[in-house]
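Colleague: Provided herewith: run_39.pdb, PDB, C-alpha atoms.
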```
ATOM      1  CA  MET A  14     124.670 101.764 113.534
ATOM      2  CA  PRO A  15     122.534 104.884 114.165
ATOM      3  CA  PHE A  16     119.504 105.642 112.002
ATOM      4  CA  ARG A  17     121.380 108.178 109.869
ATOM      5  CA  GLN A  18     123.821 105.535 108.600
ATOM      6  CA  ILE A  19     121.169 103.109 107.316
ATOM      7  CA  CYS A  20     120.807 103.179 103.524
ATOM      8  CA  GLY A  21     117.688 102.928 101.433
ATOM      9  CA  GLN A  22     114.935 102.781 104.068
ATOM     10  CA  ASP A  23     114.047 106.436 104.566
ATOM     11  CA  ARG A  24     110.323 105.895 105.055
ATOM     12  CA  PRO A  25     110.453 103.400 107.961
ATOM     13  CA  ILE A  26     113.445 105.201 109.492
ATOM     14  CA  ASN A  27     111.674 108.567 109.456
ATOM     15  CA  LEU A  28     108.530 107.018 110.924
ATOM     16  CA  LEU A  29     110.481 105.557 113.845
ATOM     17  CA  ARG A  30     112.553 108.700 114.430
ATOM     18  CA  ARG A  31     109.473 110.903 114.573
ATOM     19  CA  ALA A  32     107.714 108.510 116.946
ATOM     20  CA  TRP A  33     110.758 108.381 119.224
ATOM     21  CA  ALA A  34     111.260 112.157 119.221
ATOM     22  CA  GLY A  35     107.579 112.707 119.993
ATOM     23  CA  GLY A  36     107.386 110.099 122.743
ATOM     24  CA  ARG A  37     104.917 108.063 120.674
ATOM     25  CA  LEU A  38     106.768 104.773 120.220
ATOM     26  CA  ALA A  39     104.551 101.709 120.251
ATOM     27  CA  GLN A  40     105.339  98.940 122.723
ATOM     28  CA  ALA A  41     105.629  96.335 119.946
ATOM     29  CA  TYR A  42     106.631  96.653 116.296
ATOM     30  CA  CYS A  43     106.757  94.160 113.468
ATOM     31  CA  PHE A  44     109.368  94.975 110.831
ATOM     32  CA  THR A  45     108.283  93.269 107.620
ATOM     33  CA  GLY A  46     109.741  93.025 104.137
ATOM     34  CA  PRO A  47     112.200  91.123 101.950
ATOM     35  CA  PRO A  48     115.201  89.405 103.548
ATOM     36  CA  SER A  49     118.413  91.333 104.252
ATOM     37  CA  VAL A  50     117.217  94.864 103.554
ATOM     38  CA  GLY A  51     117.997  96.427 106.942
ATOM     39  CA  LYS A  52     115.195  95.275 109.243
ATOM     40  CA  ARG A  53     117.425  93.907 112.016
ATOM     41  CA  THR A  54     119.893  96.771 111.591
ATOM     42  CA  THR A  55     117.028  99.215 112.090
ATOM     43  CA  ALA A  56     115.866  97.302 115.182
ATOM     44  CA  VAL A  57     119.356  97.693 116.664
ATOM     45  CA  ALA A  58     119.359 101.393 115.737
ATOM     46  CA  LEU A  59     116.037 101.792 117.546
ATOM     47  CA  ALA A  60     117.485 100.078 120.627
ATOM     48  CA  GLN A  61     120.415 102.498 120.502
ATOM     49  CA  ALA A  62     118.102 105.493 120.158
ATOM     50  CA  VAL A  63     115.984 104.690 123.225
ATOM     51  CA  ASN A  64     119.043 103.887 125.372
ATOM     52  CA  CYS A  65     121.629 106.384 124.051
ATOM     53  CA  LEU A  66     123.412 108.387 126.740
ATOM     54  CA  SER A  67     124.173 111.351 124.448
ATOM     55  CA  PRO A  68     121.637 111.644 121.604
ATOM     56  CA  VAL A  69     122.711 113.979 118.813
ATOM     57  CA  PRO A  70     120.420 116.973 118.239
ATOM     58  CA  ARG A  71     118.191 117.411 115.238
ATOM     59  CA  GLU A  72     120.328 118.221 112.194
ATOM     60  CA  ALA A  73     119.401 120.367 109.222
ATOM     61  CA  GLY A  74     117.043 118.432 106.990
ATOM     62  CA  SER A  75     116.596 115.547 109.447
ATOM     63  CA  GLN A  76     113.299 114.418 110.900
ATOM     64  CA  ALA A  77     114.438 113.967 114.507
ATOM     65  CA  PRO A  78     117.431 113.449 116.795
ATOM     66  CA  ASP A  79     119.454 110.256 116.567
ATOM     67  CA  ALA A  80     121.613 108.037 118.736
ATOM     68  CA  CYS A  81     125.227 109.164 118.943
ATOM     69  CA  GLY A  82     126.574 105.702 118.075
ATOM     70  CA  THR A  83     129.685 106.199 120.227
ATOM     71  CA  CYS A  84     128.624 106.260 123.876
ATOM     72  CA  ARG A  85     128.979 103.212 126.127
ATOM     73  CA  ALA A  86     125.345 102.207 125.620
ATOM     74  CA  CYS A  87     125.466 102.512 121.814
ATOM     75  CA  THR A  88     128.721 100.590 121.440
ATOM     76  CA  ARG A  89     127.580  97.810 123.760
ATOM     77  CA  ILE A  90     124.265  97.474 121.918
ATOM     78  CA  ALA A  91     126.064  97.322 118.558
ATOM     79  CA  ALA A  92     128.348  94.599 119.927
ATOM     80  CA  GLY A  93     125.436  92.595 121.366
ATOM     81  CA  GLN A  94     126.720  93.092 124.918
ATOM     82  CA  HIS A  95     124.134  95.401 126.488
ATOM     83  CA  PRO A  96     122.252  93.707 129.360
ATOM     84  CA  ASP A  97     118.936  95.354 128.455
ATOM     85  CA  VAL A  98     118.939  94.603 124.703
ATOM     86  CA  ALA A  99     118.588  91.009 123.550
ATOM     87  CA  LEU A 100     118.250  89.171 120.259
ATOM     88  CA  VAL A 101     116.029  86.086 120.280
ATOM     89  CA  ALA A 102     116.878  83.835 117.327
ATOM     90  CA  PRO A 103     116.232  80.177 116.473
ATOM     91  CA  GLU A 104     118.347  77.788 118.496
ATOM     92  CA  GLU A 105     116.732  74.347 118.525
ATOM     93  CA  LYS A 106     115.728  72.749 115.218
ATOM     94  CA  THR A 107     115.805  76.196 113.538
ATOM     95  CA  VAL A 108     112.817  77.444 115.538
ATOM     96  CA  ILE A 109     112.264  79.837 118.435
ATOM     97  CA  THR A 110     111.103  77.623 121.289
ATOM     98  CA  ILE A 111     108.724  78.187 124.160
ATOM     99  CA  ASP A 112     111.664  77.953 126.582
ATOM    100  CA  GLN A 113     113.292  80.931 124.879
ATOM    101  CA  ILE A 114     110.064  82.956 125.140
ATOM    102  CA  ARG A 115     109.598  81.977 128.776
ATOM    103  CA  ALA A 116     113.129  83.179 129.506
ATOM    104  CA  LEU A 117     112.312  86.419 127.680
ATOM    105  CA  ALA A 118     109.137  86.881 129.723
ATOM    106  CA  THR A 119     111.007  86.354 132.987
ATOM    107  CA  ARG A 120     113.684  88.894 132.115
ATOM    108  CA  ALA A 121     111.131  91.340 130.696
ATOM    109  CA  SER A 122     109.377  91.421 134.072
ATOM    110  CA  LEU A 123     112.535  92.784 135.734
ATOM    111  CA  ARG A 124     113.673  96.388 135.819
ATOM    112  CA  ALA A 125     116.228  97.562 133.284
ATOM    113  CA  TYR A 126     119.732  96.913 134.547
ATOM    114  CA  GLU A 127     121.509  99.981 133.177
ATOM    115  CA  GLY A 128     119.478 101.303 130.248
ATOM    116  CA  SER A 129     116.261 103.282 129.956
ATOM    117  CA  VAL A 130     114.284 100.708 127.955
ATOM    118  CA  LYS A 131     114.562  96.929 127.682
ATOM    119  CA  VAL A 132     114.486  95.940 123.993
ATOM    120  CA  TRP A 133     113.744  92.469 122.649
ATOM    121  CA  ILE A 134     114.439  91.725 118.976
ATOM    122  CA  LEU A 135     112.939  88.475 117.627
ATOM    123  CA  ASP A 136     114.436  87.524 114.274
ATOM    124  CA  PRO A 137     112.976  85.762 112.378
ATOM    125  CA  ALA A 138     109.763  86.027 114.362
ATOM    126  CA  HIS A 139     107.825  83.704 112.029
ATOM    127  CA  GLU A 140     110.057  80.835 113.201
ATOM    128  CA  MET A 141     108.326  80.734 116.592
ATOM    129  CA  GLN A 142     106.645  77.470 117.459
ATOM    130  CA  GLU A 143     102.932  77.917 118.164
ATOM    131  CA  PRO A 144     103.338  77.394 121.946
ATOM    132  CA  ALA A 145     106.112  79.982 121.899
ATOM    133  CA  ALA A 146     103.907  82.420 119.982
ATOM    134  CA  ASN A 147     101.111  81.956 122.501
ATOM    135  CA  ALA A 148     103.541  82.560 125.353
ATOM    136  CA  LEU A 149     104.771  85.748 123.667
ATOM    137  CA  LEU A 150     101.188  86.883 123.213
ATOM    138  CA  LYS A 151     100.665  86.841 126.979
ATOM    139  CA  THR A 152     103.776  88.980 127.453
ATOM    140  CA  LEU A 153     102.570  91.453 124.813
ATOM    141  CA  GLU A 154      99.195  91.652 126.535
ATOM    142  CA  GLU A 155     100.742  92.314 129.957
ATOM    143  CA  PRO A 156     103.943  94.297 129.314
ATOM    144  CA  ALA A 157     106.111  95.180 132.272
ATOM    145  CA  GLY A 158     107.730  98.598 132.655
ATOM    146  CA  GLU A 159     109.721 100.237 129.904
ATOM    147  CA  THR A 160     109.876  97.372 127.415
ATOM    148  CA  LEU A 161     110.005  97.436 123.625
ATOM    149  CA  PHE A 162     109.488  94.411 121.354
ATOM    150  CA  VAL A 163     110.600  94.313 117.717
ATOM    151  CA  LEU A 164     109.534  91.291 115.662
ATOM    152  CA  VAL A 165     111.492  90.942 112.414
ATOM    153  CA  THR A 166     109.985  88.822 109.659
ATOM    154  CA  THR A 167     109.819  88.182 105.933
ATOM    155  CA  ALA A 168     106.443  86.442 106.378
ATOM    156  CA  PHE A 169     104.079  88.713 108.301
ATOM    157  CA  SER A 170     101.072  86.521 107.497
ATOM    158  CA  ALA A 171     102.798  83.536 109.144
ATOM    159  CA  LEU A 172     102.482  85.181 112.562
ATOM    160  CA  LEU A 173      99.425  84.524 114.696
ATOM    161  CA  PRO A 174      96.678  87.074 113.947
ATOM    162  CA  THR A 175      96.540  87.919 117.658
ATOM    163  CA  ILE A 176     100.242  88.815 117.631
ATOM    164  CA  ARG A 177      99.910  90.825 114.408
ATOM    165  CA  SER A 178      97.080  92.820 115.968
ATOM    166  CA  ARG A 179      99.277  93.835 118.913
ATOM    167  CA  CYS A 180     102.200  95.030 116.810
ATOM    168  CA  GLN A 181     102.536  98.124 114.667
ATOM    169  CA  GLU A 182     103.686  96.960 111.257
ATOM    170  CA  VAL A 183     106.599  98.839 109.690
ATOM    171  CA  ARG A 184     107.243  97.869 106.077
ATOM    172  CA  PHE A 185     110.676  97.716 104.480
ATOM    173  CA  THR A 186     111.358  97.442 100.756
ATOM    174  CA  ALA A 187     114.078  95.891  98.610
ATOM    175  CA  LEU A 188     117.177  98.064  98.422
ATOM    176  CA  GLY A 189     117.896  99.953  95.227
ATOM    177  CA  GLU A 190     121.140  99.324  93.386
ATOM    178  CA  GLU A 191     122.520 102.738  94.342
ATOM    179  CA  HIS A 192     122.065 101.957  98.026
ATOM    180  CA  LEU A 193     123.611  98.520  97.629
ATOM    181  CA  ARG A 194     126.612 100.087  95.899
ATOM    182  CA  THR A 195     127.039 102.451  98.843
ATOM    183  CA  ILE A 196     126.888  99.582 101.344
ATOM    184  CA  LEU A 197     129.350  97.484  99.361
ATOM    185  CA  GLN A 198     131.836 100.320  98.999
ATOM    186  CA  ARG A 199     131.647 100.893 102.751
ATOM    187  CA  HIS A 200     132.800  97.282 103.079
ATOM    188  CA  GLY A 201     135.792  97.844 100.850
ATOM    189  CA  ARG A 202     134.525  96.764  97.423
ATOM    190  CA  SER A 203     135.784  98.652  94.417
ATOM    191  CA  VAL A 204     133.367 100.736  92.376
ATOM    192  CA  GLU A 205     133.308  98.065  89.647
ATOM    193  CA  GLU A 206     132.807  95.165  92.083
ATOM    194  CA  ALA A 207     130.074  97.040  93.931
ATOM    195  CA  ALA A 208     128.216  97.799  90.712
ATOM    196  CA  ALA A 209     128.370  94.162  89.567
ATOM    197  CA  ALA A 210     127.181  92.742  92.878
ATOM    198  CA  ALA A 211     124.433  95.350  93.327
ATOM    199  CA  ALA A 212     123.024  94.526  89.898
ATOM    200  CA  GLU A 213     122.721  90.836  90.770
ATOM    201  CA  ALA A 214     121.664  90.955  94.430
ATOM    202  CA  GLY A 215     117.916  91.399  94.024
ATOM    203  CA  GLY A 216     117.795  94.212  96.593
ATOM    204  CA  SER A 217     119.446  92.134  99.351
ATOM    205  CA  ALA A 218     122.455  93.558 101.185
ATOM    206  CA  GLU A 219     123.404  90.199 102.674
ATOM    207  CA  ARG A 220     123.372  88.551  99.279
ATOM    208  CA  ALA A 221     125.422  91.371  97.752
ATOM    209  CA  LEU A 222     128.031  91.179 100.503
ATOM    210  CA  ALA A 223     128.279  87.393 100.199
ATOM    211  CA  MET A 224     128.906  87.431  96.482
ATOM    212  CA  ASP A 225     132.276  86.517  95.056
ATOM    213  CA  PRO A 226     132.900  89.173  92.408
ATOM    214  CA  GLY A 227     134.970  86.773  90.334
ATOM    215  CA  GLY A 228     132.437  83.970  90.001
ATOM    216  CA  LEU A 229     129.290  86.020  90.363
ATOM    217  CA  SER A 230     128.177  86.501  86.772
ATOM    218  CA  ALA A 231     128.987  82.942  85.672
ATOM    219  CA  ALA A 232     127.072  81.302  88.531
ATOM    220  CA  ARG A 233     124.060  83.561  88.032
ATOM    221  CA  ALA A 234     124.010  82.996  84.282
ATOM    222  CA  ARG A 235     124.254  79.234  84.734
ATOM    223  CA  LEU A 236     121.328  79.176  87.171
ATOM    224  CA  LEU A 237     119.126  81.297  84.922
ATOM    225  CA  GLU A 238     119.949  79.254  81.827
ATOM    226  CA  GLU A 239     119.164  76.004  83.649
ATOM    227  CA  VAL A 240     115.864  77.193  85.132
ATOM    228  CA  TRP A 241     114.487  78.965  82.072
ATOM    229  CA  GLY A 242     115.831  76.252  79.769
ATOM    230  CA  SER A 243     113.975  73.574  81.725
ATOM    231  CA  LEU A 244     110.568  75.111  81.009
ATOM    232  CA  GLY A 245     110.405  73.667  77.506
ATOM    233  CA  SER A 246     110.183  70.055  78.703
ATOM    234  CA  LEU A 247     108.162  68.627  81.567
ATOM    235  CA  THR A 248     110.838  66.016  82.231
ATOM    236  CA  ALA A 249     113.571  68.655  82.316
ATOM    237  CA  LEU A 250     111.383  70.815  84.545
ATOM    238  CA  LEU A 251     110.939  68.048  87.134
ATOM    239  CA  ASP A 252     114.664  67.296  87.057
ATOM    240  CA  GLN A 253     115.421  70.961  87.604
ATOM    241  CA  ALA A 254     112.969  71.110  90.536
ATOM    242  CA  GLU A 255     114.777  68.174  92.128
ATOM    243  CA  ARG A 256     118.145  69.919  91.784
ATOM    244  CA  LEU A 257     116.842  73.178  93.204
ATOM    245  CA  ALA A 258     115.211  71.405  96.139
ATOM    246  CA  LYS A 259     118.291  69.540  97.382
ATOM    247  CA  ASP A 260     119.226  72.401  99.705
ATOM    248  CA  ARG A 261     116.644  74.756 101.247
ATOM    249  CA  ALA A 262     119.168  77.586 101.722
ATOM    250  CA  ALA A 263     120.393  77.217  98.143
ATOM    251  CA  LEU A 264     116.807  77.333  96.873
ATOM    252  CA  GLU A 265     116.195  80.521  98.852
ATOM    253  CA  SER A 266     119.298  82.075  97.254
ATOM    254  CA  ALA A 267     118.211  80.871  93.811
ATOM    255  CA  LEU A 268     114.837  82.551  94.277
ATOM    256  CA  ASP A 269     116.584  85.850  94.979
ATOM    257  CA  VAL A 270     118.450  85.531  91.666
ATOM    258  CA  LEU A 271     115.315  84.504  89.768
ATOM    259  CA  LEU A 272     113.294  87.379  91.192
ATOM    260  CA  ALA A 273     116.014  89.885  90.285
ATOM    261  CA  PHE A 274     116.052  88.561  86.722
ATOM    262  CA  THR A 275     112.254  88.679  86.500
ATOM    263  CA  ARG A 276     112.425  92.304  87.601
ATOM    264  CA  ASP A 277     114.860  92.914  84.731
ATOM    265  CA  ALA A 278     112.417  91.227  82.374
ATOM    266  CA  ALA A 279     109.573  93.450  83.572
ATOM    267  CA  VAL A 280     111.742  96.562  83.243
ATOM    268  CA  SER A 281     112.536  95.548  79.667
ATOM    269  CA  ARG A 282     108.823  95.711  78.836
ATOM    270  CA  VAL A 283     108.179  99.197  80.214
ATOM    271  CA  ALA A 284     109.896 102.562  80.121
ATOM    272  CA  SER A 285     109.474 105.046  82.966
ATOM    273  CA  ALA A 286     111.459 107.228  85.327
ATOM    274  CA  GLU A 287     110.949 104.617  88.039
ATOM    275  CA  ALA A 288     112.401 101.848  85.864
ATOM    276  CA  PRO A 289     115.844 102.847  84.623
ATOM    277  CA  PRO A 290     117.118 101.133  81.452
ATOM    278  CA  LEU A 291     119.083  97.909  81.719
ATOM    279  CA  SER A 292     122.641  97.411  80.587
ATOM    280  CA  ALA A 293     123.129  95.856  77.155
ATOM    281  CA  GLU A 294     124.261  92.604  78.759
ATOM    282  CA  ARG A 295     121.190  92.347  80.989
ATOM    283  CA  ARG A 296     118.837  93.220  78.099
ATOM    284  CA  ALA A 297     120.420  90.513  75.971
ATOM    285  CA  ALA A 298     119.976  87.921  78.708
ATOM    286  CA  VAL A 299     116.307  88.825  79.056
ATOM    287  CA  GLU A 300     115.628  88.616  75.338
ATOM    288  CA  ARG A 301     117.463  85.305  75.032
ATOM    289  CA  MET A 302     115.571  83.564  77.836
ATOM    290  CA  VAL A 303     112.207  85.316  78.002
ATOM    291  CA  GLY A 304     111.713  85.849  74.298
ATOM    292  CA  ASP A 305     108.471  87.588  73.376
ATOM    293  CA  ALA A 306     106.678  86.949  76.684
ATOM    294  CA  THR A 307     104.316  89.800  77.541
ATOM    295  CA  LEU A 308     104.504  91.965  80.623
ATOM    296  CA  ALA A 309     101.410  90.203  81.979
ATOM    297  CA  ALA A 310     103.134  86.833  81.594
ATOM    298  CA  ILE A 311     106.293  88.119  83.284
ATOM    299  CA  LEU A 312     104.247  89.412  86.207
ATOM    300  CA  GLU A 313     102.675  85.946  86.535
ATOM    301  CA  VAL A 314     106.187  84.478  86.655
ATOM    302  CA  HIS A 315     107.101  86.985  89.368
ATOM    303  CA  ALA A 316     104.003  86.011  91.367
ATOM    304  CA  ALA A 317     104.920  82.314  91.105
ATOM    305  CA  GLN A 318     108.434  83.017  92.376
ATOM    306  CA  ARG A 319     107.185  85.152  95.258
ATOM    307  CA  GLU A 320     104.696  82.427  96.136
ATOM    308  CA  ALA A 321     107.566  79.916  96.325
ATOM    309  CA  GLN A 322     109.519  82.292  98.558
ATOM    310  CA  GLN A 323     106.504  82.642 100.842
ATOM    311  CA  ALA A 324     105.952  78.873 100.901
ATOM    312  CA  LEU A 325     109.524  78.319 102.081
ATOM    313  CA  ALA A 326     108.973  80.866 104.838
ATOM    314  CA  TRP A 327     105.963  78.796 105.870
ATOM    315  CA  ARG A 328     108.288  75.760 106.034
ATOM    316  CA  ALA A 329     106.852  74.076 102.927
ATOM    317  CA  GLN A 330     108.823  71.206 101.407
ATOM    318  CA  PRO A 331     111.425  72.648  98.994
ATOM    319  CA  ARG A 332     110.548  70.087  96.285
ATOM    320  CA  PHE A 333     106.876  71.058  96.396
ATOM    321  CA  ALA A 334     107.706  74.794  96.280
ATOM    322  CA  ALA A 335     110.159  74.370  93.382
ATOM    323  CA  GLU A 336     107.872  72.158  91.278
ATOM    324  CA  ARG A 337     104.855  74.397  91.754
ATOM    325  CA  MET A 338     106.873  77.491  90.845
ATOM    326  CA  LEU A 339     108.349  75.993  87.684
ATOM    327  CA  LEU A 340     104.994  74.637  86.521
ATOM    328  CA  LYS A 341     103.404  78.058  86.984
ATOM    329  CA  MET A 342     106.292  79.715  85.145
ATOM    330  CA  ARG A 343     105.861  77.246  82.275
ATOM    331  CA  GLU A 344     102.142  77.922  82.123
ATOM    332  CA  ALA A 345     102.591  81.711  82.297
ATOM    333  CA  ILE A 346     104.907  81.974  79.319
ATOM    334  CA  GLY A 347     103.139  79.303  77.290
ATOM    335  CA  ARG A 348     105.986  76.828  76.906
ATOM    336  CA  GLU A 349     104.785  73.516  75.501
TER     337      GLU A 349
END
```
Write out the structure in this file as structure tokens.
Modeller:
Amino acid sequence: MPFRQICGQDRPINLLRRAWAGGRLAQAYCFTGPPSVGKRTTAVALAQAVNCLSPVPREAGSQAPDACGTCRACTRIAAGQHPDVALVAPEEKTVITIDQIRALATRASLRAYEGSVKVWILDPAHEMQEPAANALLKTLEEPAGETLFVLVTTAFSALLPTIRSRCQEVRFTALGEEHLRTILQRHGRSVEEAAAAAAEAGGSAERALAMDPGGLSAARARLLEEVWGSLGSLTALLDQAERLAKDRAALESALDVLLAFTRDAAVSRVASAEAPPLSAERRAAVERMVGDATLAAILEVHAAQREAQQALAWRAQPRFAAERMLLKMREAIGRE
């Protein structure tokens, strides 16, 4: 997918397009931000741009040229079949191992087979074992030829400081509902289905696409009722933490839902052009569960949920992350 087709990330896209057009691309980038907001898609678009056989010229209103998206190089990169563009992802025990990085280093030392630039995309980069990270550091310090590294992560601080210092950070943000609706409609969802999923997805395209429109609202409502309802009793809170922690992936998904709801709660306390009004249904849900909690308290709840999300990225025990989050939520809103 060329740059021009990526929704909702104009700032990082424009930065990369200008750098490419001006011949100022860094040798290593770190794409940071929430999960499933277009970081890997943008990394693939960058690989297409630097290897495209027929770049399209600058268009009216655009910042720079773009990959054509249709030449042999672009189509092979999009399909994961280009010999000079590789994705490095966890294979063994959900981590990126030193053997994978050693293989990367060996291939990176060779000349490009058919492209202009060899591109290595590490996603998620924070899942590298420490020996693997140290091995990558050596490769970043002694790059060979036309090579570009893109580290994709939701936990920038989890990377070694020495690696962070050798990468240019490019920040991505959560997708707005309008952009999520566009993405969903591209994938065949009706206008109504796209609107419902976008409202519940917490800015995540992957989450929006995975949602079952039929059971979406009921499952979300049940989760929110259970979590917020547990805050009134310490026993109920600990039981709820145990249920949330049974499955790490499920807890990560639950955090996305909780964060989206907390955003709704914050929006309900302020009125500005940047915070459009909620639907009547969403306002009612906020008032029912959050009650008269202040904006400051809601922001503390948001911080506790983000902290839990970060802890999971750092491989913390799900039970610990869930308990700590719920206790902080309980304290923030003053439930006794």
Colleague: Let me make sure I understand: among A:Ala321, A:Ala306, A:Ala254, A:Ala232, which one has the smallest atom-to-atom distance to Leu272 in chain A if we use only C-alpha atoms?
Modeller: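 Of A:Ala321, A:Ala306, A:Ala254, A:Ala232, the one nearest Leu272 in chain A is A:Ala321, counting only C-alpha atoms.
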Colleague: Between A:Ala298, A:Glu104, A:Val183, A:Arg261, which has the minimum distance to Arg235 in chain A (counting all atoms listed in the file)?
Modeller: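 The closest residue to Arg235 in chain A is A:Ala298.
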Colleague: Nearest to Thr152 in chain A among A:Gln318, A:Thr248, A:Gln40, A:Gln94, with distances taken over only C-alpha atoms: which residue is it?
Modeller: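 The closest residue to Thr152 in chain A is A:Gln40.
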Colleague: Skip range 133-140 of chain A itself and residues of its chain fewer than 6 positions away, then list as a compact mmCIF listing (two decimals) with C-alpha atoms, in the coordinates of the input all residues within 9 Å of it, counting only C-alpha atoms.
Modeller:
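Here's the written file around_30.txt:
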```txt
# COMPACT_ATOMS: atom_id res chain seq x y z
CA CYS A 43 106.76 94.16 113.47
CA ARG A 53 117.42 93.91 112.02
CA ALA A 56 115.87 97.30 115.18
CA VAL A 57 119.36 97.69 116.66
CA ALA A 60 117.48 100.08 120.63
CA ASP A 97 118.94 95.35 128.46
CA VAL A 98 118.94 94.60 124.70
CA ALA A 99 118.59 91.01 123.55
CA LEU A 100 118.25 89.17 120.26
CA VAL A 101 116.03 86.09 120.28
CA ALA A 102 116.88 83.84 117.33
CA PRO A 103 116.23 80.18 116.47
CA THR A 107 115.80 76.20 113.54
CA VAL A 108 112.82 77.44 115.54
CA ILE A 109 112.26 79.84 118.44
CA THR A 110 111.10 77.62 121.29
CA LEU A 117 112.31 86.42 127.68
CA ALA A 121 111.13 91.34 130.70
CA ALA A 146 103.91 82.42 119.98
CA THR A 160 109.88 97.37 127.42
CA LEU A 161 110.00 97.44 123.62
CA PHE A 162 109.49 94.41 121.35
CA VAL A 163 110.60 94.31 117.72
CA LEU A 164 109.53 91.29 115.66
CA VAL A 165 111.49 90.94 112.41
CA THR A 166 109.98 88.82 109.66
CA THR A 167 109.82 88.18 105.93
CA ALA A 168 106.44 86.44 106.38
CA PHE A 169 104.08 88.71 108.30
CA SER A 170 101.07 86.52 107.50
CA ALA A 171 102.80 83.54 109.14
CA LEU A 172 102.48 85.18 112.56
CA LEU A 173 99.42 84.52 114.70
CA ALA A 326 108.97 80.87 104.84
CA TRP A 327 105.96 78.80 105.87
CA ARG A 328 108.29 75.76 106.03
```
Colleague: Just give me the gap between CA of Arg233 in chain A and CA of Glu213 in chain A in Å, one decimal is fine.
Modeller: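 So the two atoms, CA of Arg233 in chain A and CA of Glu213 in chain A, lie 7.9 Å apart.
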Colleague: Selection in question (the file shown): the PyMOL selection byres ((chain A and resi 332) around 9). Which residues does it include, as a CSV table (one decimal) with C-alpha atoms, in the coordinates of the input?
Modeller:
```
chain,number,residue,atom,x,y,z
A,254,ALA,CA,113.0,71.1,90.5
A,255,GLU,CA,114.8,68.2,92.1
A,256,ARG,CA,118.1,69.9,91.8
A,257,LEU,CA,116.8,73.2,93.2
A,258,ALA,CA,115.2,71.4,96.1
A,259,LYS,CA,118.3,69.5,97.4
A,329,ALA,CA,106.9,74.1,102.9
A,330,GLN,CA,108.8,71.2,101.4
A,331,PRO,CA,111.4,72.6,99.0
A,333,PHE,CA,106.9,71.1,96.4
A,334,ALA,CA,107.7,74.8,96.3
A,335,ALA,CA,110.2,74.4,93.4
A,336,GLU,CA,107.9,72.2,91.3
A,337,ARG,CA,104.9,74.4,91.8
```
Colleague: Would you please work out which residue, of A:Ser129, A:Ser217, A:Thr119, A:Gln113, is nearest to Asn64 in chain A when using all atoms listed in the file?
Modeller: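 Smallest separation from Asn64 in chain A among the options: A:Ser129.
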Colleague: Select, counting only C-alpha atoms, all protein, DNA and RNA residues no farther than 9 Å from (100.0, 90.2, 118.7) in file coordinates, and express the selection as a PyMOL selection string.
Modeller: chain A and resi 41+146+149-151+153-154+172-180
Colleague: What is the distance, in Å and to one decimal place, between CA of Leu222 in chain A and CA of Arg202 in chain A?
Modeller: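 Result for CA of Leu222 in chain A versus CA of Arg202 in chain A: 9.1 Å, one decimal.
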Colleague: Using Å and a single decimal, report how far CA of Leu244 in chain A sits from CA of Arg343 in chain A.
Modeller: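 Calculated distance between CA of Arg343 in chain A and CA of Leu244 in chain A is 5.3 Å.
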